[in-house]
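Listing of my_file30.cif; format and content: mmCIF, C-alpha atoms.
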data_my_file
#
loop_
_atom_site.label_atom_id
_atom_site.label_comp_id
_atom_site.auth_asym_id
_atom_site.auth_seq_id
_atom_site.Cartn_x
_atom_site.Cartn_y
_atom_site.Cartn_z
CA MET A 1 131.75 -289.71 89.10
CA LYS A 2 134.39 -287.50 90.65
CA THR A 3 134.16 -283.76 90.30
CA ASP A 4 137.30 -283.67 88.15
CA ASP A 5 135.63 -286.18 85.83
CA LEU A 6 132.60 -283.94 85.55
CA ILE A 7 134.84 -281.02 84.68
CA ASN A 8 136.27 -283.10 81.84
CA ALA A 9 132.79 -283.53 80.43
CA LEU A 10 131.85 -279.88 80.91
CA ALA A 11 135.01 -278.58 79.26
CA THR A 12 134.58 -280.95 76.32
CA ASP A 13 131.00 -279.74 75.95
CA LEU A 14 132.12 -276.11 75.80
CA PRO A 15 131.65 -275.67 72.02
CA ALA A 16 127.95 -276.59 72.28
CA LYS A 17 126.07 -273.40 71.48
CA GLN A 18 123.95 -272.05 74.31
CA GLU A 19 121.20 -269.72 73.28
CA ARG A 20 120.64 -266.55 75.26
CA VAL A 21 117.20 -265.83 76.63
CA GLU A 22 117.04 -262.52 74.80
CA THR A 23 117.48 -264.13 71.38
CA ALA A 24 115.08 -266.95 72.15
CA LEU A 25 112.51 -264.45 73.40
CA TRP A 26 112.58 -262.24 70.33
CA ARG A 27 112.37 -265.28 68.09
CA ALA A 28 109.40 -266.56 70.07
CA ILE A 29 107.57 -263.25 69.64
CA ALA A 30 108.47 -263.05 65.95
CA ILE A 31 107.09 -266.53 65.32
CA SER A 32 103.95 -266.35 67.45
CA LEU A 33 102.85 -262.83 66.54
CA PRO A 34 101.81 -263.69 62.95
CA VAL A 35 99.81 -266.63 64.31
CA SER A 36 97.86 -264.36 66.61
CA VAL A 37 97.43 -261.74 63.90
CA LEU A 38 95.99 -264.46 61.67
CA ILE A 39 93.53 -265.47 64.38
CA LEU A 40 92.61 -261.81 64.83
CA LEU A 41 91.90 -261.37 61.13
CA LEU A 42 89.99 -264.64 60.80
CA ALA A 43 87.92 -264.51 63.98
CA LEU A 44 87.47 -260.79 64.30
CA HIS A 45 88.53 -257.85 62.23
CA ILE A 46 90.48 -254.69 62.75
CA ARG A 47 88.16 -251.77 63.41
CA ALA A 48 87.77 -249.68 60.30
CA ASP A 49 88.21 -246.41 62.13
CA LEU A 50 91.41 -247.44 63.92
CA TRP A 51 93.75 -244.95 62.36
CA ALA A 52 91.26 -242.10 62.55
CA MET A 53 90.52 -242.81 66.21
CA LEU A 54 94.20 -243.12 67.09
CA LEU A 55 94.70 -239.62 65.84
CA SER A 56 91.58 -238.09 67.33
CA SER A 57 90.67 -239.99 70.48
CA PRO A 58 92.80 -239.72 73.62
CA ARG A 59 91.12 -242.86 74.93
CA VAL A 60 92.17 -244.95 71.96
CA LEU A 61 95.61 -243.44 72.08
CA PHE A 62 95.82 -244.30 75.77
CA LYS A 63 94.87 -247.94 75.09
CA PHE A 64 97.84 -248.33 72.79
CA VAL A 65 100.29 -246.27 74.77
CA PHE A 66 99.38 -248.26 77.86
CA THR A 67 99.76 -251.68 76.23
CA GLY A 68 102.90 -250.55 74.41
CA LEU A 69 104.55 -249.31 77.57
CA THR A 70 103.55 -252.41 79.51
CA LEU A 71 104.98 -254.50 76.70
CA ALA A 72 108.33 -252.75 76.84
CA LEU A 73 108.53 -252.93 80.64
CA THR A 74 107.47 -256.57 80.70
CA ILE A 75 110.04 -257.61 78.12
CA TRP A 76 112.66 -256.04 80.34
CA SER A 77 111.22 -257.78 83.41
CA VAL A 78 111.11 -261.16 81.73
CA ARG A 79 114.78 -260.92 80.82
CA GLU A 80 115.73 -259.85 84.33
CA LEU A 81 113.68 -262.57 85.97
CA SER A 82 115.32 -265.25 83.82
CA ARG A 83 118.55 -264.85 85.75
CA PRO A 84 119.69 -266.49 88.98
CA THR A 85 120.41 -263.09 90.53
CA ALA A 86 116.92 -261.74 89.93
CA THR A 87 114.60 -260.55 92.67
CA ALA A 88 110.92 -259.81 92.71
CA ARG A 89 111.72 -256.12 92.75
CA SER A 90 112.19 -255.91 88.99
CA ILE A 91 108.67 -257.08 88.19
CA ALA A 92 107.25 -255.13 91.11
CA ARG A 93 108.50 -251.94 89.49
CA THR A 94 106.93 -252.90 86.16
CA LEU A 95 103.61 -253.65 87.75
CA ALA A 96 103.75 -250.46 89.79
CA VAL A 97 104.22 -248.31 86.70
CA ALA A 98 101.44 -250.08 84.83
CA ILE A 99 99.04 -249.81 87.75
CA VAL A 100 99.77 -246.13 88.33
CA LEU A 101 99.21 -245.39 84.64
CA LEU A 102 95.96 -247.31 84.56
CA ALA A 103 94.73 -245.76 87.80
CA SER A 104 95.44 -242.27 86.49
CA ALA A 105 93.49 -242.94 83.33
CA VAL A 106 90.58 -244.34 85.31
CA CYS A 107 90.51 -241.26 87.52
CA ALA A 108 90.65 -238.99 84.49
CA GLU A 109 87.78 -240.88 82.91
CA LEU A 110 85.61 -240.78 86.05
CA TYR A 111 86.22 -237.07 86.16
CA ALA A 112 85.48 -236.54 82.48
CA LEU A 113 82.29 -238.56 82.32
CA PRO A 114 79.03 -237.71 84.08
CA GLN A 115 78.18 -240.26 86.76
CA SER A 116 75.21 -241.55 84.77
CA ALA A 117 77.58 -242.62 82.03
CA TRP A 118 80.01 -244.52 84.24
CA LYS A 119 78.29 -247.90 84.20
CA ALA A 120 77.77 -247.99 80.46
CA ALA A 121 81.38 -247.01 79.85
CA TRP A 122 82.58 -249.69 82.25
CA MET A 123 80.36 -252.49 80.98
CA GLY A 124 80.82 -251.65 77.31
CA ASP A 125 79.42 -254.19 74.95
CA ALA A 126 80.73 -257.72 74.54
CA ALA A 127 82.92 -257.73 77.63
CA MET A 128 82.72 -261.51 77.43
CA VAL A 129 84.13 -261.49 73.92
CA CYS A 130 87.03 -259.43 75.22
CA MET A 131 87.60 -261.85 78.06
CA ALA A 132 87.64 -264.78 75.65
CA MET A 133 89.57 -263.24 72.79
CA ILE A 134 92.49 -261.79 74.69
CA PRO A 135 93.55 -265.18 76.09
CA LEU A 136 92.98 -266.73 72.66
CA LEU A 137 95.20 -264.13 71.01
CA SER A 138 97.74 -264.62 73.81
CA LEU A 139 97.89 -268.38 73.41
CA ALA A 140 100.54 -268.72 70.70
CA PRO A 141 102.76 -266.06 72.30
CA LEU A 142 102.36 -267.72 75.71
CA ILE A 143 103.49 -271.11 74.46
CA ALA A 144 106.36 -269.67 72.43
CA ILE A 145 107.53 -267.38 75.23
CA LEU A 146 107.47 -270.08 77.91
CA LEU A 147 109.44 -272.41 75.67
CA ALA A 148 111.94 -269.64 75.01
CA LEU A 149 112.33 -268.96 78.72
CA GLN A 150 113.66 -272.49 79.16
CA ALA A 151 116.96 -271.06 77.96
CA GLY A 152 117.14 -269.01 81.15
CA ALA A 153 118.11 -269.72 84.74
CA PRO A 154 115.41 -267.98 86.75
CA HIS A 155 115.83 -267.53 90.47
CA SER A 156 112.08 -268.09 90.73
CA PRO A 157 110.61 -270.22 87.90
CA TRP A 158 106.99 -269.38 88.65
CA LEU A 159 107.71 -265.65 88.77
CA ALA A 160 109.56 -265.81 85.46
CA GLY A 161 106.63 -267.77 84.02
CA ALA A 162 104.19 -265.18 85.34
CA ALA A 163 106.20 -262.40 83.69
CA GLY A 164 106.11 -264.42 80.47
CA GLY A 165 102.36 -264.75 80.87
CA LEU A 166 102.05 -261.02 81.47
CA LEU A 167 104.00 -260.41 78.29
CA ALA A 168 101.86 -262.81 76.28
CA GLY A 169 98.68 -261.35 77.75
CA THR A 170 99.73 -257.82 76.90
CA ILE A 171 100.51 -258.87 73.31
CA GLY A 172 97.06 -260.42 73.08
CA ALA A 173 95.51 -257.29 74.55
CA ALA A 174 97.37 -255.01 72.14
CA LEU A 175 96.12 -257.08 69.21
CA TYR A 176 92.58 -257.12 70.57
CA ALA A 177 92.69 -253.37 70.98
CA THR A 178 92.92 -253.04 67.20
CA HIS A 179 89.45 -254.57 66.96
CA CYS A 180 87.73 -253.49 70.12
CA THR A 181 85.62 -250.34 70.07
CA ASN A 182 85.23 -250.09 73.83
CA ASP A 183 87.61 -247.28 74.47
CA SER A 184 86.91 -246.27 78.03
CA PRO A 185 89.76 -246.74 80.52
CA LEU A 186 87.08 -248.13 82.82
CA PHE A 187 86.62 -250.98 80.36
CA VAL A 188 90.33 -251.48 79.90
CA ALA A 189 91.09 -251.40 83.61
CA SER A 190 88.60 -254.13 84.33
CA TRP A 191 88.09 -256.49 81.41
CA TYR A 192 91.43 -256.19 79.69
CA ALA A 193 93.20 -256.35 83.04
CA LEU A 194 91.23 -259.41 84.08
CA ALA A 195 92.00 -261.22 80.85
CA ILE A 196 95.69 -260.31 81.10
CA ALA A 197 95.73 -261.46 84.72
CA ALA A 198 94.35 -264.85 83.66
CA VAL A 199 97.11 -265.31 81.11
CA THR A 200 99.66 -264.16 83.70
CA ALA A 201 98.42 -266.76 86.15
CA ALA A 202 98.59 -269.47 83.48
CA GLY A 203 102.18 -268.47 82.78
CA GLY A 204 103.03 -268.65 86.46
CA LEU A 205 101.46 -272.08 86.91
CA ILE A 206 103.10 -273.59 83.86
CA GLY A 207 106.39 -271.78 84.39
CA GLY A 208 106.65 -273.07 87.93
CA ARG A 209 107.23 -276.54 86.54
CA LEU A 210 108.54 -275.92 83.04
CA LEU A 211 111.21 -273.37 83.89
CA ARG A 212 113.09 -275.31 86.53
CA TRP A 213 116.76 -275.70 85.74
CA MET B 1 138.62 -260.95 96.59
CA ASP B 2 139.08 -258.49 93.74
CA ASP B 3 141.97 -260.47 92.29
CA ARG B 4 139.95 -263.63 92.38
CA GLU B 5 136.99 -261.90 90.74
CA ARG B 6 139.22 -260.51 88.01
CA VAL B 7 141.09 -263.75 87.26
CA TRP B 8 138.00 -265.91 87.27
CA ALA B 9 135.97 -263.45 85.21
CA ASP B 10 138.80 -263.25 82.67
CA ASP B 11 139.02 -267.02 82.43
CA MET B 12 135.25 -267.32 82.17
CA ARG B 13 135.11 -264.75 79.41
CA ALA B 14 137.91 -266.58 77.60
CA GLY B 15 136.02 -269.80 78.11
CA LEU B 16 132.85 -268.32 76.68
CA ALA B 17 134.90 -267.32 73.65
CA GLY B 18 136.04 -270.94 73.23
CA ASP B 19 139.27 -271.20 75.27
CA GLU B 20 138.94 -274.68 76.78
CA ALA B 21 142.06 -274.42 78.95
CA ALA B 22 140.80 -271.22 80.57
CA TYR B 23 137.38 -272.77 81.07
CA ARG B 24 138.88 -275.82 82.81
CA ARG B 25 140.90 -273.50 85.04
CA VAL B 26 137.93 -271.52 86.19
CA LEU B 27 135.77 -274.63 86.69
CA ALA B 28 138.48 -276.21 88.85
CA SER B 29 138.77 -273.03 90.92
CA LEU B 30 135.01 -272.83 91.24
CA ALA B 31 134.83 -276.42 92.52
CA VAL B 32 137.00 -275.44 95.46
CA PHE B 33 135.09 -272.21 96.02
CA LEU B 34 131.72 -273.93 95.76
CA ARG B 35 132.58 -276.47 98.42
CA MET B 36 132.97 -273.57 100.82
CA GLN B 37 129.88 -271.72 99.65
CA VAL B 38 127.58 -274.72 99.68
CA ARG B 39 128.85 -275.80 103.08
CA GLN B 40 128.04 -272.36 104.46
CA VAL B 41 124.50 -272.46 103.12
CA LEU B 42 124.05 -275.98 104.51
CA ASN B 43 125.34 -274.83 107.89
CA ARG B 44 122.90 -271.96 107.85
CA TYR B 45 120.00 -274.34 107.53
CA GLY B 46 121.44 -276.78 109.99
CA GLN B 47 122.04 -279.46 107.38
CA SER B 48 124.87 -281.95 107.38
CA ALA B 49 127.47 -281.85 104.66
CA ALA B 50 126.72 -285.42 103.55
CA ASP B 51 125.50 -284.36 100.12
CA LEU B 52 128.03 -281.58 99.72
CA GLU B 53 129.87 -282.98 96.72
CA ASP B 54 126.58 -283.88 94.99
CA ILE B 55 125.46 -280.29 95.29
CA VAL B 56 128.84 -278.96 94.16
CA GLN B 57 128.63 -281.12 91.04
CA GLU B 58 125.04 -280.11 90.42
CA THR B 59 126.06 -276.46 90.72
CA LEU B 60 129.01 -276.83 88.35
CA LEU B 61 126.71 -278.49 85.84
CA ALA B 62 124.24 -275.62 86.17
CA ILE B 63 127.00 -273.04 85.80
CA HIS B 64 128.04 -274.78 82.59
CA LEU B 65 124.56 -275.27 81.11
CA LYS B 66 123.42 -271.77 82.06
CA ARG B 67 126.67 -269.90 81.46
CA GLN B 68 124.86 -267.57 79.07
CA SER B 69 122.89 -266.14 81.96
CA TRP B 70 126.03 -264.36 83.13
CA ARG B 71 126.59 -261.06 81.36
CA PRO B 72 130.35 -260.56 80.96
CA ALA B 73 129.97 -256.93 82.00
CA GLU B 74 128.61 -257.80 85.44
CA PRO B 75 130.48 -259.21 88.47
CA PHE B 76 131.20 -262.93 88.18
CA VAL B 77 131.42 -264.10 91.79
CA PRO B 78 127.95 -262.83 92.82
CA TRP B 79 126.50 -264.66 89.85
CA VAL B 80 128.27 -267.88 90.88
CA ARG B 81 127.01 -267.41 94.43
CA ALA B 82 123.47 -266.94 93.16
CA VAL B 83 123.63 -270.17 91.16
CA ALA B 84 125.08 -272.02 94.16
CA ARG B 85 122.40 -270.66 96.45
CA ASN B 86 119.62 -271.62 94.05
CA LYS B 87 120.92 -275.15 93.64
CA THR B 88 121.59 -275.71 97.34
CA ILE B 89 118.12 -274.52 98.30
CA ASP B 90 116.60 -276.73 95.59
CA ALA B 91 118.54 -279.70 96.95
CA LEU B 92 117.35 -278.97 100.48
CA ARG B 93 113.75 -278.65 99.36
CA ARG B 94 113.99 -281.98 97.59
CA LYS B 95 115.03 -283.53 100.87
CA GLY B 96 111.85 -282.19 102.40
CA ARG B 97 113.26 -279.31 104.39
CA ARG B 98 111.13 -276.18 104.53
CA VAL B 99 113.44 -273.50 103.40
CA ASN B 100 112.72 -269.83 103.88
CA VAL B 101 114.93 -267.81 101.59
CA PRO B 102 115.80 -264.38 102.95
CA ILE B 103 116.53 -261.67 100.43
CA GLU B 104 119.94 -260.66 101.76
CA ASP B 105 122.68 -263.18 102.22
CA VAL B 106 124.80 -263.29 105.33
CA ILE B 107 127.28 -265.75 103.89
CA GLU B 108 130.12 -263.28 104.25
CA THR B 109 129.87 -263.27 108.04
CA LEU B 110 130.54 -266.99 108.45
CA PRO B 111 134.18 -268.01 109.01
CA ALA B 112 135.69 -269.96 106.14
CA GLU B 113 136.19 -273.64 106.93
CA PRO B 114 139.43 -275.40 106.06
CA GLN B 115 139.05 -276.91 102.61
CA ALA B 116 138.38 -280.61 102.64
CA GLU B 117 140.58 -281.66 99.76
CA HIS B 118 139.63 -285.28 100.08
CA LEU B 119 136.08 -284.43 99.08
CA SER B 120 137.15 -284.05 95.46
CA GLU B 121 138.07 -287.72 95.47
CA HIS B 122 134.64 -288.65 96.70
CA ASP B 123 132.76 -290.57 94.08
CA ALA B 124 129.51 -288.69 94.36
CA VAL B 125 126.21 -290.42 93.72
CA GLN B 126 126.30 -293.04 90.98
CA ILE B 127 124.42 -290.57 88.91
CA LEU B 128 125.61 -291.75 85.54
CA SER B 129 123.73 -294.99 86.01
CA ASN B 130 120.53 -293.00 85.53
CA LEU B 131 121.36 -292.08 81.98
CA ASN B 132 120.25 -294.14 79.01
CA GLY B 133 122.78 -296.46 77.42
CA ARG B 134 124.25 -294.32 74.64
CA GLN B 135 124.45 -291.15 76.73
CA ARG B 136 125.90 -293.01 79.69
CA ASP B 137 128.62 -294.62 77.60
CA ILE B 138 129.65 -291.37 76.01
CA VAL B 139 129.51 -289.20 79.10
CA GLN B 140 131.45 -291.87 80.97
CA SER B 141 134.03 -292.13 78.22
CA ILE B 142 134.68 -288.41 78.23
CA SER B 143 134.41 -287.73 81.95
CA ILE B 144 135.72 -290.75 83.81
CA ASP B 145 137.90 -292.28 81.10
CA GLY B 146 139.08 -288.85 80.02
CA ALA B 147 138.85 -289.75 76.33
CA SER B 148 138.60 -287.10 73.63
CA ILE B 149 135.68 -286.66 71.27
CA ARG B 150 137.65 -288.32 68.50
CA GLU B 151 138.71 -291.29 70.63
CA THR B 152 135.15 -291.77 71.82
CA ALA B 153 133.84 -291.58 68.25
CA GLN B 154 136.30 -294.24 67.17
CA LYS B 155 135.53 -296.44 70.14
CA TYR B 156 131.80 -296.49 69.50
CA GLU B 157 132.08 -296.22 65.72
CA ILE B 158 129.93 -293.15 65.38
CA SER B 159 130.66 -289.68 64.05
CA GLU B 160 132.26 -286.98 66.19
CA GLY B 161 129.12 -284.89 65.69
CA ALA B 162 127.02 -287.68 67.14
CA VAL B 163 129.35 -287.86 70.15
CA ARG B 164 129.00 -284.12 70.76
CA VAL B 165 125.23 -284.29 70.59
CA ALA B 166 125.08 -287.29 72.92
CA LEU B 167 127.43 -285.58 75.38
CA HIS B 168 125.38 -282.40 75.43
CA ARG B 169 122.09 -284.20 75.77
CA GLY B 170 123.58 -286.43 78.42
CA LEU B 171 124.59 -283.40 80.47
CA GLN B 172 121.13 -281.89 80.08
CA ALA B 173 119.62 -285.21 81.16
CA LEU B 174 121.92 -285.22 84.21
CA ALA B 175 120.60 -281.82 85.22
CA LYS B 176 117.07 -283.13 84.94
CA ILE B 177 117.93 -286.17 87.03
CA TYR B 178 119.32 -283.98 89.79
CA ARG B 179 116.09 -281.98 89.73
CA SER B 180 113.82 -284.96 90.18
CA THR B 181 112.90 -285.93 93.69
CA GLY B 182 114.59 -289.25 93.87
CA HIS B 183 117.68 -290.37 92.08
CA GLU B 184 119.81 -293.41 92.77
CA ASN B 185 122.12 -292.80 95.70
#

Represent the structure of the file as structure tokens.
Amino acid sequence: MKTDDLINALATDLPAKQERVETALWRAIAISLPVSVLILLLALHIRADLWAMLLSSPRVLFKFVFTGLTLALTIWSVRELSRPTATARSIARTLAVAIVLLASAVCAELYALPQSAWKAAWMGDAAMVCMAMIPLLSLAPLIAILLALQAGAPHSPWLAGAAGGLLAGTIGAALYATHCTNDSPLFVASWYALAIAAVTAAGGLIGGRLLRW
Amino acid sequence: MDDRERVWADDMRAGLAGDEAAYRRVLASLAVFLRMQVRQVLNRYGQSAADLEDIVQETLLAIHLKRQSWRPAEPFVPWVRAVARNKTIDALRRKGRRVNVPIEDVIETLPAEPQAEHLSEHDAVQILSNLNGRQRDIVQSISIDGASIRETAQKYEISEGAVRVALHRGLQALAKIYRSTGHEN
């Protein structure tokens, strides 16, 4: 096939609607979020004191501010990384902000708590439940987001997939936070972070193959 | 450079809004431009230009299928270059070359080579033979035979909608074939 022939085909195919990554992404979140919420309500339950604690506890507030901010930054990163002109710098900035935030909260907590209380605050109770539930709550979003990212043209498919995984993991973490009563940043910085990292890695592994274009 | 950026971006924007003539114009211009760009990247990695036209076609296909990844507000030529670079590197990796991609491009410092017009006549890889029957017939009818959607629909006695779907899927399948490690050469 000569190049001019190909151009014939491409020009004739012009009316075919191409979805933008942004639209596909929002739709993916809109569809998968109710699924995860359903799992949350069936398997666990939202903590009864959620609203009260949000208003009174800086730790609980921090949990949601942190996941909310990471969510916003990651959505931006995912969109950036879905383009052929993207570099790793965009996600590096996101990660840097999230890490600095988390580190600050950890420091504040270590300062606020007496040393004897550190271990208990860090271990919490049911860390294993946290580690299992966050990926479970992230599953539907992960699948939906990775499928949506196929509309993109990422310079680095695995990096875009990892950003998608980070997004899905953070959604799962935000949902889990509505149930979890372990409020210490020490708990969040270790168990939540570990669970989110696992989902991120899954996104990177799958994305590396799925998101080629 | 600025004139080229402006004209191409205008045509691309018009194309995205549905102007087929403008879209053809910019694709034809890009084919010429891409031959230069891809050749420069190949030179940089010490590769021969044997697969040049293959890669140019693969890049044009990618530009078409992923045209939504260009935001009309941003510069057009850098986006085209980025797509070309991605596709050329992918092609090199498929051939087994270890390719280290530096962050900054030095493409601008290489002298432009005289355009090899004859390359456009080169019948690149018999790639259409890799498509399934229906898609191959339709893509061939529209590309090589230059038939319209309507003419193709009449020829194969199917609806115009079915032709459009087969064409689109055929192009997507082509992209996938390029991506796989070994296609018929």

Can you list what the PyMOL selection byres ((chain A and resi 106-110) around 12) grabs from this structure, as a count of residues only?
30

Carefully work through the PyMOL selection byres ((chain A) within 7 of (chain B)) for this structure and note down the residues it includes, as a PDB file with C-alpha atoms, in the coordinates of the input.
ATOM      1  CA  MET A   1     131.750-289.710  89.100  1.00  0.00           C
ATOM      2  CA  LYS A   2     134.390-287.500  90.650  1.00  0.00           C
ATOM      3  CA  THR A   3     134.160-283.760  90.300  1.00  0.00           C
ATOM      4  CA  ASP A   5     135.630-286.180  85.830  1.00  0.00           C
ATOM      5  CA  LEU A   6     132.600-283.940  85.550  1.00  0.00           C
ATOM      6  CA  ILE A   7     134.840-281.020  84.680  1.00  0.00           C
ATOM      7  CA  ASN A   8     136.270-283.100  81.840  1.00  0.00           C
ATOM      8  CA  ALA A   9     132.790-283.530  80.430  1.00  0.00           C
ATOM      9  CA  LEU A  10     131.850-279.880  80.910  1.00  0.00           C
ATOM     10  CA  ALA A  11     135.010-278.580  79.260  1.00  0.00           C
ATOM     11  CA  ASP A  13     131.000-279.740  75.950  1.00  0.00           C
ATOM     12  CA  LEU A  14     132.120-276.110  75.800  1.00  0.00           C
ATOM     13  CA  PRO A  15     131.650-275.670  72.020  1.00  0.00           C
ATOM     14  CA  GLN A  18     123.950-272.050  74.310  1.00  0.00           C
ATOM     15  CA  ARG A  20     120.640-266.550  75.260  1.00  0.00           C
ATOM     16  CA  ARG A  83     118.550-264.850  85.750  1.00  0.00           C
ATOM     17  CA  PRO A  84     119.690-266.490  88.980  1.00  0.00           C
ATOM     18  CA  THR A  85     120.410-263.090  90.530  1.00  0.00           C
ATOM     19  CA  GLY A 152     117.140-269.010  81.150  1.00  0.00           C
ATOM     20  CA  ALA A 153     118.110-269.720  84.740  1.00  0.00           C
ATOM     21  CA  HIS A 155     115.830-267.530  90.470  1.00  0.00           C
TER      22      HIS A 155
END

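Taking atom CA of Ala98 of chain A and atom CA of Ala198 of chain A as the two end points, the separation is 16.4 Å.
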
Evaluate the PyMOL selection byres ((chain A and resi 46-54) around 10) and record the selected residues as number ranges by chain, following the chain and residue labels used in the document.
A: 37, 40-41, 44-45, 55-64, 175-181, 183

Using only C-alpha atoms, which protein or nucleic acid residues come within 8 Å of Leu149 of chain A? Drop anything in the same chain fewer than 2 positions from it, and give the result as number ranges by chain.
A: 21, 24-25, 82, 145-147, 151-152, 160-161, 164, 211

Name the residues in contact with Leu137 of chain A at a cut-off of 10 Å, using all atoms listed in the file, excluding same-chain residues fewer than 6 positions from it; report them as a PyMOL selection string.
chain A and resi 32-33+35-40+168-176

The distance between atom CA of Trp213 of chain A and atom CA of Leu136 of chain A is 28.6 Å

Name the residues, using the chain letters and numbers of the file, that sit within 12 Å of (102.2, -256.5, 85.5) when counting only C-alpha atoms, and give them as a VMD selection string.
chain A and resid 66 to 67 69 to 78 88 to 102 159 to 160 162 to 170 193 to 194 196 to 201

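From atom CA of Met131 of chain A back to atom CA of Ala195 of chain A, the distance works out to 5.2 Å.
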
Write out as a ChimeraX atom specification which residues come within 7 Å of segment 38-43 of chain B when counting all atoms listed in the file, dropping same-chain ones fewer than 6 positions away.
/B:49,52,84,88,107

Written file, previous selection with C-alpha atoms, as an mmCIF file, in the frame of the given file:
data_model
loop_
_atom_site.group_PDB
_atom_site.id
_atom_site.type_symbol
_atom_site.label_atom_id
_atom_site.label_comp_id
_atom_site.auth_asym_id
_atom_site.auth_seq_id
_atom_site.Cartn_x
_atom_site.Cartn_y
_atom_site.Cartn_z
ATOM 1 C CA ALA B 49 127.470 -281.850 104.660
ATOM 2 C CA LEU B 52 128.030 -281.580 99.720
ATOM 3 C CA ALA B 84 125.080 -272.020 94.160
ATOM 4 C CA THR B 88 121.590 -275.710 97.340
ATOM 5 C CA ILE B 107 127.280 -265.750 103.890
#

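Shortest atom-to-atom contact with Val77 of chain B among B:Glu5, B:Asp137, B:Asp10, B:Asp51: B:Glu5, counting only C-alpha atoms.
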
Would you kindly place all heavy atoms on segment 61-66 of chain B and return the model as a PDB file, in the coordinates of the input?
ATOM      1  N   LEU B  61     127.468-278.152  87.040  1.00  0.00           N
ATOM      2  CA  LEU B  61     126.710-278.490  85.840  1.00  0.00           C
ATOM      3  C   LEU B  61     125.796-277.341  85.443  1.00  0.00           C
ATOM      4  O   LEU B  61     125.702-276.972  84.270  1.00  0.00           O
ATOM      5  CB  LEU B  61     125.892-279.767  86.114  1.00  0.00           C
ATOM      6  CG  LEU B  61     125.037-280.330  84.975  1.00  0.00           C
ATOM      7  CD1 LEU B  61     125.889-280.643  83.760  1.00  0.00           C
ATOM      8  CD2 LEU B  61     124.302-281.576  85.446  1.00  0.00           C
ATOM      9  N   ALA B  62     125.135-276.750  86.441  1.00  0.00           N
ATOM     10  CA  ALA B  62     124.240-275.620  86.170  1.00  0.00           C
ATOM     11  C   ALA B  62     125.021-274.414  85.653  1.00  0.00           C
ATOM     12  O   ALA B  62     124.592-273.730  84.725  1.00  0.00           O
ATOM     13  CB  ALA B  62     123.476-275.241  87.439  1.00  0.00           C
ATOM     14  N   ILE B  63     126.174-274.153  86.258  1.00  0.00           N
ATOM     15  CA  ILE B  63     127.000-273.040  85.800  1.00  0.00           C
ATOM     16  C   ILE B  63     127.357-273.237  84.337  1.00  0.00           C
ATOM     17  O   ILE B  63     127.334-272.299  83.534  1.00  0.00           O
ATOM     18  CB  ILE B  63     128.286-272.930  86.666  1.00  0.00           C
ATOM     19  CG1 ILE B  63     127.926-272.342  88.038  1.00  0.00           C
ATOM     20  CG2 ILE B  63     129.349-272.071  85.981  1.00  0.00           C
ATOM     21  CD1 ILE B  63     129.051-272.364  89.045  1.00  0.00           C
ATOM     22  N   HIS B  64     127.668-274.488  83.975  1.00  0.00           N
ATOM     23  CA  HIS B  64     128.040-274.780  82.590  1.00  0.00           C
ATOM     24  C   HIS B  64     126.839-274.630  81.655  1.00  0.00           C
ATOM     25  O   HIS B  64     126.913-273.951  80.630  1.00  0.00           O
ATOM     26  CB  HIS B  64     128.589-276.194  82.498  1.00  0.00           C
ATOM     27  CG  HIS B  64     128.768-276.687  81.090  1.00  0.00           C
ATOM     28  ND1 HIS B  64     129.748-276.201  80.253  1.00  0.00           N
ATOM     29  CD2 HIS B  64     128.063-277.590  80.369  1.00  0.00           C
ATOM     30  CE1 HIS B  64     129.656-276.807  79.070  1.00  0.00           C
ATOM     31  NE2 HIS B  64     128.647-277.652  79.118  1.00  0.00           N
ATOM     32  N   LEU B  65     125.723-275.277  82.002  1.00  0.00           N
ATOM     33  CA  LEU B  65     124.560-275.270  81.110  1.00  0.00           C
ATOM     34  C   LEU B  65     123.920-273.885  81.016  1.00  0.00           C
ATOM     35  O   LEU B  65     123.298-273.559  80.002  1.00  0.00           O
ATOM     36  CB  LEU B  65     123.524-276.286  81.583  1.00  0.00           C
ATOM     37  CG  LEU B  65     123.924-277.760  81.431  1.00  0.00           C
ATOM     38  CD1 LEU B  65     122.864-278.673  82.035  1.00  0.00           C
ATOM     39  CD2 LEU B  65     124.151-278.119  79.964  1.00  0.00           C
ATOM     40  N   LYS B  66     124.045-273.081  82.049  1.00  0.00           N
ATOM     41  CA  LYS B  66     123.420-271.770  82.060  1.00  0.00           C
ATOM     42  C   LYS B  66     124.442-270.633  82.029  1.00  0.00           C
ATOM     43  O   LYS B  66     124.180-269.533  82.500  1.00  0.00           O
ATOM     44  CB  LYS B  66     122.522-271.616  83.304  1.00  0.00           C
ATOM     45  CG  LYS B  66     121.397-272.612  83.367  1.00  0.00           C
ATOM     46  CD  LYS B  66     120.452-272.470  82.189  1.00  0.00           C
ATOM     47  CE  LYS B  66     119.331-273.500  82.237  1.00  0.00           C
ATOM     48  NZ  LYS B  66     118.438-273.429  81.089  1.00  0.00           N
TER      49      LYS B  66
END
